[in-house]
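Everything below belongs to structure.pdb, which stores PDB, C-alpha atoms, pLDDT in the B column.
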ATOM      1  CA  MET V1241      15.616  -3.886  52.926  1.00 50.00           C
ATOM      2  CA  PRO V1242      12.212  -5.392  52.089  1.00 55.00           C
ATOM      3  CA  ILE V1243      11.970  -9.101  51.456  1.00 60.00           C
ATOM      4  CA  GLY V1244       9.379 -10.623  49.173  1.00 57.00           C
ATOM      5  CA  PRO V1245       8.262 -10.491  45.549  1.00 58.00           C
ATOM      6  CA  MET V1246       8.780  -6.728  45.318  1.00 60.00           C
ATOM      7  CA  ALA V1247      12.381  -6.855  46.541  1.00 59.00           C
ATOM      8  CA  ARG V1248      14.929  -6.174  43.852  1.00 63.00           C
ATOM      9  CA  ARG V1249      18.311  -7.692  43.813  1.00 62.00           C
ATOM     10  CA  LYS V1250      21.262  -6.152  42.130  1.00 63.00           C
ATOM     11  CA  LYS V1251      22.481  -8.222  39.257  1.00 62.00           C
ATOM     12  CA  ALA V1252      26.138  -9.015  39.255  1.00 62.00           C
ATOM     13  CA  ARG V1253      27.753  -7.482  36.214  1.00 64.00           C
ATOM     14  CA  ARG V1254      29.863  -9.753  34.147  1.00 62.00           C
ATOM     15  CA  LYS V1255      33.133  -8.384  32.971  1.00 57.00           C
ATOM     16  CA  ARG V1256      33.406  -8.564  29.230  1.00 53.00           C
ATOM     17  CA  PRO V1257      36.759  -9.461  27.776  1.00 52.00           C
ATOM     18  CA  SER V1258      38.327  -6.402  26.265  1.00 51.00           C
ATOM     19  CA  VAL V1259      38.661  -6.514  22.503  1.00 52.00           C
ATOM     20  CA  ALA V1260      40.932  -4.068  20.747  1.00 63.00           C
ATOM     21  CA  ARG V1261      38.809  -2.425  18.075  1.00 71.00           C
ATOM     22  CA  HIS V1262      39.687   0.375  15.730  1.00 84.00           C
ATOM     23  CA  GLU V1263      37.688   2.222  13.124  1.00 90.00           C
ATOM     24  CA  ALA V1264      38.669   2.212   9.467  1.00 92.00           C
ATOM     25  CA  ILE V1265      37.032   3.565   6.316  1.00 93.00           C
ATOM     26  CA  TYR V1266      36.543   2.068   2.860  1.00 93.00           C
ATOM     27  CA  ILE V1267      34.624   3.331  -0.172  1.00 94.00           C
ATOM     28  CA  CYS V1268      31.793   1.124  -1.439  1.00 94.00           C
ATOM     29  CA  ASP V1269      32.215   0.195  -5.128  1.00 91.00           C
ATOM     30  CA  SER V1270      28.431   0.224  -5.640  1.00 92.00           C
ATOM     31  CA  CYS V1271      27.205   3.438  -4.050  1.00 95.00           C
ATOM     32  CA  GLY V1272      30.455   5.386  -3.590  1.00 95.00           C
ATOM     33  CA  GLU V1273      29.802   6.097   0.089  1.00 96.00           C
ATOM     34  CA  ASP V1274      32.543   6.207   2.710  1.00 96.00           C
ATOM     35  CA  ILE V1275      31.811   3.291   5.047  1.00 95.00           C
ATOM     36  CA  VAL V1276      33.185   3.203   8.594  1.00 94.00           C
ATOM     37  CA  VAL V1277      33.824  -0.307   9.942  1.00 92.00           C
ATOM     38  CA  LEU V1278      35.027  -1.562  13.303  1.00 91.00           C
ATOM     39  CA  VAL V1279      38.154  -3.682  12.971  1.00 90.00           C
ATOM     40  CA  ASP V1280      39.042  -6.266  15.615  1.00 87.00           C
ATOM     41  CA  VAL V1281      42.835  -5.984  15.634  1.00 83.00           C
ATOM     42  CA  SER V1282      43.092  -9.057  17.879  1.00 85.00           C
ATOM     43  CA  ALA V1283      41.870 -11.207  14.944  1.00 88.00           C
ATOM     44  CA  GLY V1284      45.235 -10.926  13.201  1.00 90.00           C
ATOM     45  CA  SER V1285      47.155  -8.539  11.002  1.00 92.00           C
ATOM     46  CA  HIS V1286      45.674  -9.922   7.742  1.00 95.00           C
ATOM     47  CA  GLN V1287      41.917 -10.408   7.580  1.00 95.00           C
ATOM     48  CA  ASP V1288      39.530 -11.194   4.722  1.00 95.00           C
ATOM     49  CA  TYR V1289      35.770 -11.305   5.076  1.00 93.00           C
ATOM     50  CA  VAL V1290      32.503 -10.371   3.361  1.00 95.00           C
ATOM     51  CA  GLU V1291      30.181  -7.744   4.784  1.00 94.00           C
ATOM     52  CA  ASP V1292      27.145  -6.049   3.251  1.00 95.00           C
ATOM     53  CA  CYS V1293      27.379  -2.320   2.638  1.00 95.00           C
ATOM     54  CA  PRO V1294      25.136  -0.660   5.255  1.00 95.00           C
ATOM     55  CA  VAL V1295      23.988   1.910   2.675  1.00 96.00           C
ATOM     56  CA  CYS V1296      23.209  -0.095  -0.501  1.00 96.00           C
ATOM     57  CA  CYS V1297      23.301  -3.672   0.910  1.00 95.00           C
ATOM     58  CA  HIS V1298      25.655  -5.036  -1.763  1.00 96.00           C
ATOM     59  CA  PRO V1299      28.122  -7.629  -0.441  1.00 96.00           C
ATOM     60  CA  MET V1300      31.672  -6.326  -0.220  1.00 95.00           C
ATOM     61  CA  HIS V1301      34.851  -8.374   0.097  1.00 96.00           C
ATOM     62  CA  LEU V1302      36.926  -6.556   2.711  1.00 95.00           C
ATOM     63  CA  ARG V1303      40.679  -6.971   3.106  1.00 95.00           C
ATOM     64  CA  VAL V1304      42.089  -5.639   6.359  1.00 94.00           C
ATOM     65  CA  GLU V1305      45.769  -5.003   7.055  1.00 94.00           C
ATOM     66  CA  ILE V1306      46.931  -4.033  10.525  1.00 91.00           C
ATOM     67  CA  ALA V1307      50.205  -2.087  10.630  1.00 89.00           C
ATOM     68  CA  PRO V1308      52.744  -2.764  13.408  1.00 88.00           C
ATOM     69  CA  ASP V1309      51.662   0.498  15.069  1.00 85.00           C
ATOM     70  CA  GLY V1310      48.047  -0.812  15.240  1.00 81.00           C
ATOM     71  CA  GLU V1311      46.670   1.343  12.427  1.00 87.00           C
ATOM     72  CA  ALA V1312      44.011  -0.538  10.414  1.00 89.00           C
ATOM     73  CA  ARG V1313      43.686  -0.179   6.624  1.00 91.00           C
ATOM     74  CA  VAL V1314      40.635  -1.595   4.819  1.00 93.00           C
ATOM     75  CA  GLU V1315      40.086  -2.130   1.105  1.00 93.00           C
ATOM     76  CA  GLY V1316      36.687  -3.173  -0.224  1.00 91.00           C
ATOM     77  CA  GLU V1317      35.556  -4.545  -3.581  1.00 92.00           C
ATOM     78  CA  HIS V1318      32.441  -6.222  -4.929  1.00 87.00           C
ATOM     79  CA  GLU V1319      31.947  -9.815  -3.900  1.00 80.00           C
TER      80      GLU V1319
END
Kindly transcribe the structure held in the file into structure tokens.
Amino acid sequence: MPIGPMARRKKARRKRPSVARHEAIYICDSCGEDIVVLVDVSAGSHQDYVEDCPVCCHPMHLRVEIAPDGEARVEGEHE
């Protein structure tokens, strides 16, 4: 293996902590589009947060409920 400025070293890969994520769909009140969101189920079974619609950019208040079987349900309404 060559040594010097042209030598390349393999970077050690860091292991990322695994986060349980599921996809869920809500309908934007502004544009009527079906919006797919990633839900972090490890953040709790009841979540509330605001996220802009990726289509029309209006802020949406999202309420997430995680069922005991891990299924995520999202409801969105205008902020």
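With all atoms listed in the file taken into account, every residue lying no more than 10 Å from the file point (48.3, -0.5, 17.6) is included here: Ala1260, Arg1261, His1262, Val1281, Ile1306, Ala1307, Pro1308, Asp1309, Gly1310, Glu1311 and Ala1312 of chain V.
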Enumerate, as a ChimeraX atom specification, the residues matched when the PyMOL selection byres ((chain V and resi 1271-1280) around 10) is run on the file above.
-> /V:1259-1270,1281-1285,1287,1291,1293-1298,1304-1306,1311-1314,1316
Include C-alpha atoms and write out the residues we just selected as an mmCIF file, in the coordinates of the input.
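Once written, out-v3.cif looks like this:
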data_model
loop_
_atom_site.group_PDB
_atom_site.id
_atom_site.type_symbol
_atom_site.label_atom_id
_atom_site.label_comp_id
_atom_site.auth_asym_id
_atom_site.auth_seq_id
_atom_site.Cartn_x
_atom_site.Cartn_y
_atom_site.Cartn_z
ATOM 1 C CA VAL V 1259 38.661 -6.514 22.503
ATOM 2 C CA ALA V 1260 40.932 -4.068 20.747
ATOM 3 C CA ARG V 1261 38.809 -2.425 18.075
ATOM 4 C CA HIS V 1262 39.687 0.375 15.730
ATOM 5 C CA GLU V 1263 37.688 2.222 13.124
ATOM 6 C CA ALA V 1264 38.669 2.212 9.467
ATOM 7 C CA ILE V 1265 37.032 3.565 6.316
ATOM 8 C CA TYR V 1266 36.543 2.068 2.860
ATOM 9 C CA ILE V 1267 34.624 3.331 -0.172
ATOM 10 C CA CYS V 1268 31.793 1.124 -1.439
ATOM 11 C CA ASP V 1269 32.215 0.195 -5.128
ATOM 12 C CA SER V 1270 28.431 0.224 -5.640
ATOM 13 C CA VAL V 1281 42.835 -5.984 15.634
ATOM 14 C CA SER V 1282 43.092 -9.057 17.879
ATOM 15 C CA ALA V 1283 41.870 -11.207 14.944
ATOM 16 C CA GLY V 1284 45.235 -10.926 13.201
ATOM 17 C CA SER V 1285 47.155 -8.539 11.002
ATOM 18 C CA GLN V 1287 41.917 -10.408 7.580
ATOM 19 C CA GLU V 1291 30.181 -7.744 4.784
ATOM 20 C CA CYS V 1293 27.379 -2.320 2.638
ATOM 21 C CA PRO V 1294 25.136 -0.660 5.255
ATOM 22 C CA VAL V 1295 23.988 1.910 2.675
ATOM 23 C CA CYS V 1296 23.209 -0.095 -0.501
ATOM 24 C CA CYS V 1297 23.301 -3.672 0.910
ATOM 25 C CA HIS V 1298 25.655 -5.036 -1.763
ATOM 26 C CA VAL V 1304 42.089 -5.639 6.359
ATOM 27 C CA GLU V 1305 45.769 -5.003 7.055
ATOM 28 C CA ILE V 1306 46.931 -4.033 10.525
ATOM 29 C CA GLU V 1311 46.670 1.343 12.427
ATOM 30 C CA ALA V 1312 44.011 -0.538 10.414
ATOM 31 C CA ARG V 1313 43.686 -0.179 6.624
ATOM 32 C CA VAL V 1314 40.635 -1.595 4.819
ATOM 33 C CA GLY V 1316 36.687 -3.173 -0.224
#
Up to 10 Å from (35.9, -14.3, 5.9) in the file's coordinates: name the residues, counting only C-alpha atoms, as a count of residues only.
-> 8
Export N, CA and C atoms of range 1290-1306 of chain V from the structure just given, as a PDB file, in the first residue's frame?
ATOM      1  N   VAL V1290     -46.000  21.023  13.859  1.00  0.00           N
ATOM      2  CA  VAL V1290     -46.346  21.803  12.673  1.00  0.00           C
ATOM      3  C   VAL V1290     -45.308  21.525  11.607  1.00  0.00           C
ATOM      4  N   GLU V1291     -45.795  21.283  10.402  1.00  0.00           N
ATOM      5  CA  GLU V1291     -44.911  21.023   9.260  1.00  0.00           C
ATOM      6  C   GLU V1291     -45.537  21.664   8.036  1.00  0.00           C
ATOM      7  N   ASP V1292     -44.715  22.295   7.192  1.00  0.00           N
ATOM      8  CA  ASP V1292     -45.225  22.896   5.969  1.00  0.00           C
ATOM      9  C   ASP V1292     -45.582  21.816   4.954  1.00  0.00           C
ATOM     10  N   CYS V1293     -46.664  22.042   4.239  1.00  0.00           N
ATOM     11  CA  CYS V1293     -47.042  21.137   3.150  1.00  0.00           C
ATOM     12  C   CYS V1293     -45.951  21.219   2.083  1.00  0.00           C
ATOM     13  N   PRO V1294     -45.416  20.087   1.630  1.00  0.00           N
ATOM     14  CA  PRO V1294     -44.363  20.126   0.614  1.00  0.00           C
ATOM     15  C   PRO V1294     -44.861  20.542  -0.769  1.00  0.00           C
ATOM     16  N   VAL V1295     -46.177  20.593  -0.957  1.00  0.00           N
ATOM     17  CA  VAL V1295     -46.730  20.977  -2.259  1.00  0.00           C
ATOM     18  C   VAL V1295     -47.048  22.468  -2.297  1.00  0.00           C
ATOM     19  N   CYS V1296     -47.831  22.969  -1.314  1.00  0.00           N
ATOM     20  CA  CYS V1296     -48.280  24.365  -1.347  1.00  0.00           C
ATOM     21  C   CYS V1296     -47.614  25.253  -0.295  1.00  0.00           C
ATOM     22  N   CYS V1297     -46.812  24.664   0.577  1.00  0.00           N
ATOM     23  CA  CYS V1297     -46.022  25.378   1.597  1.00  0.00           C
ATOM     24  C   CYS V1297     -46.833  25.993   2.738  1.00  0.00           C
ATOM     25  N   HIS V1298     -48.117  25.701   2.836  1.00  0.00           N
ATOM     26  CA  HIS V1298     -48.897  26.197   3.967  1.00  0.00           C
ATOM     27  C   HIS V1298     -48.565  25.375   5.212  1.00  0.00           C
ATOM     28  N   PRO V1299     -48.467  26.034   6.370  1.00  0.00           N
ATOM     29  CA  PRO V1299     -48.186  25.274   7.600  1.00  0.00           C
ATOM     30  C   PRO V1299     -49.390  24.423   8.002  1.00  0.00           C
ATOM     31  N   MET V1300     -49.114  23.190   8.367  1.00  0.00           N
ATOM     32  CA  MET V1300     -50.155  22.260   8.780  1.00  0.00           C
ATOM     33  C   MET V1300     -49.859  21.781  10.193  1.00  0.00           C
ATOM     34  N   HIS V1301     -50.902  21.761  11.020  1.00  0.00           N
ATOM     35  CA  HIS V1301     -50.783  21.192  12.367  1.00  0.00           C
ATOM     36  C   HIS V1301     -51.086  19.708  12.222  1.00  0.00           C
ATOM     37  N   LEU V1302     -50.091  18.873  12.523  1.00  0.00           N
ATOM     38  CA  LEU V1302     -50.259  17.428  12.370  1.00  0.00           C
ATOM     39  C   LEU V1302     -50.421  16.773  13.735  1.00  0.00           C
ATOM     40  N   ARG V1303     -51.409  15.906  13.836  1.00  0.00           N
ATOM     41  CA  ARG V1303     -51.631  15.096  15.034  1.00  0.00           C
ATOM     42  C   ARG V1303     -51.392  13.647  14.642  1.00  0.00           C
ATOM     43  N   VAL V1304     -50.494  13.012  15.354  1.00  0.00           N
ATOM     44  CA  VAL V1304     -50.108  11.629  15.044  1.00  0.00           C
ATOM     45  C   VAL V1304     -50.534  10.737  16.196  1.00  0.00           C
ATOM     46  N   GLU V1305     -51.167   9.639  15.871  1.00  0.00           N
ATOM     47  CA  GLU V1305     -51.539   8.612  16.855  1.00  0.00           C
ATOM     48  C   GLU V1305     -50.910   7.304  16.397  1.00  0.00           C
ATOM     49  N   ILE V1306     -50.212   6.652  17.307  1.00  0.00           N
ATOM     50  CA  ILE V1306     -49.602   5.362  17.009  1.00  0.00           C
ATOM     51  C   ILE V1306     -50.411   4.279  17.720  1.00  0.00           C
TER      52      ILE V1306
END
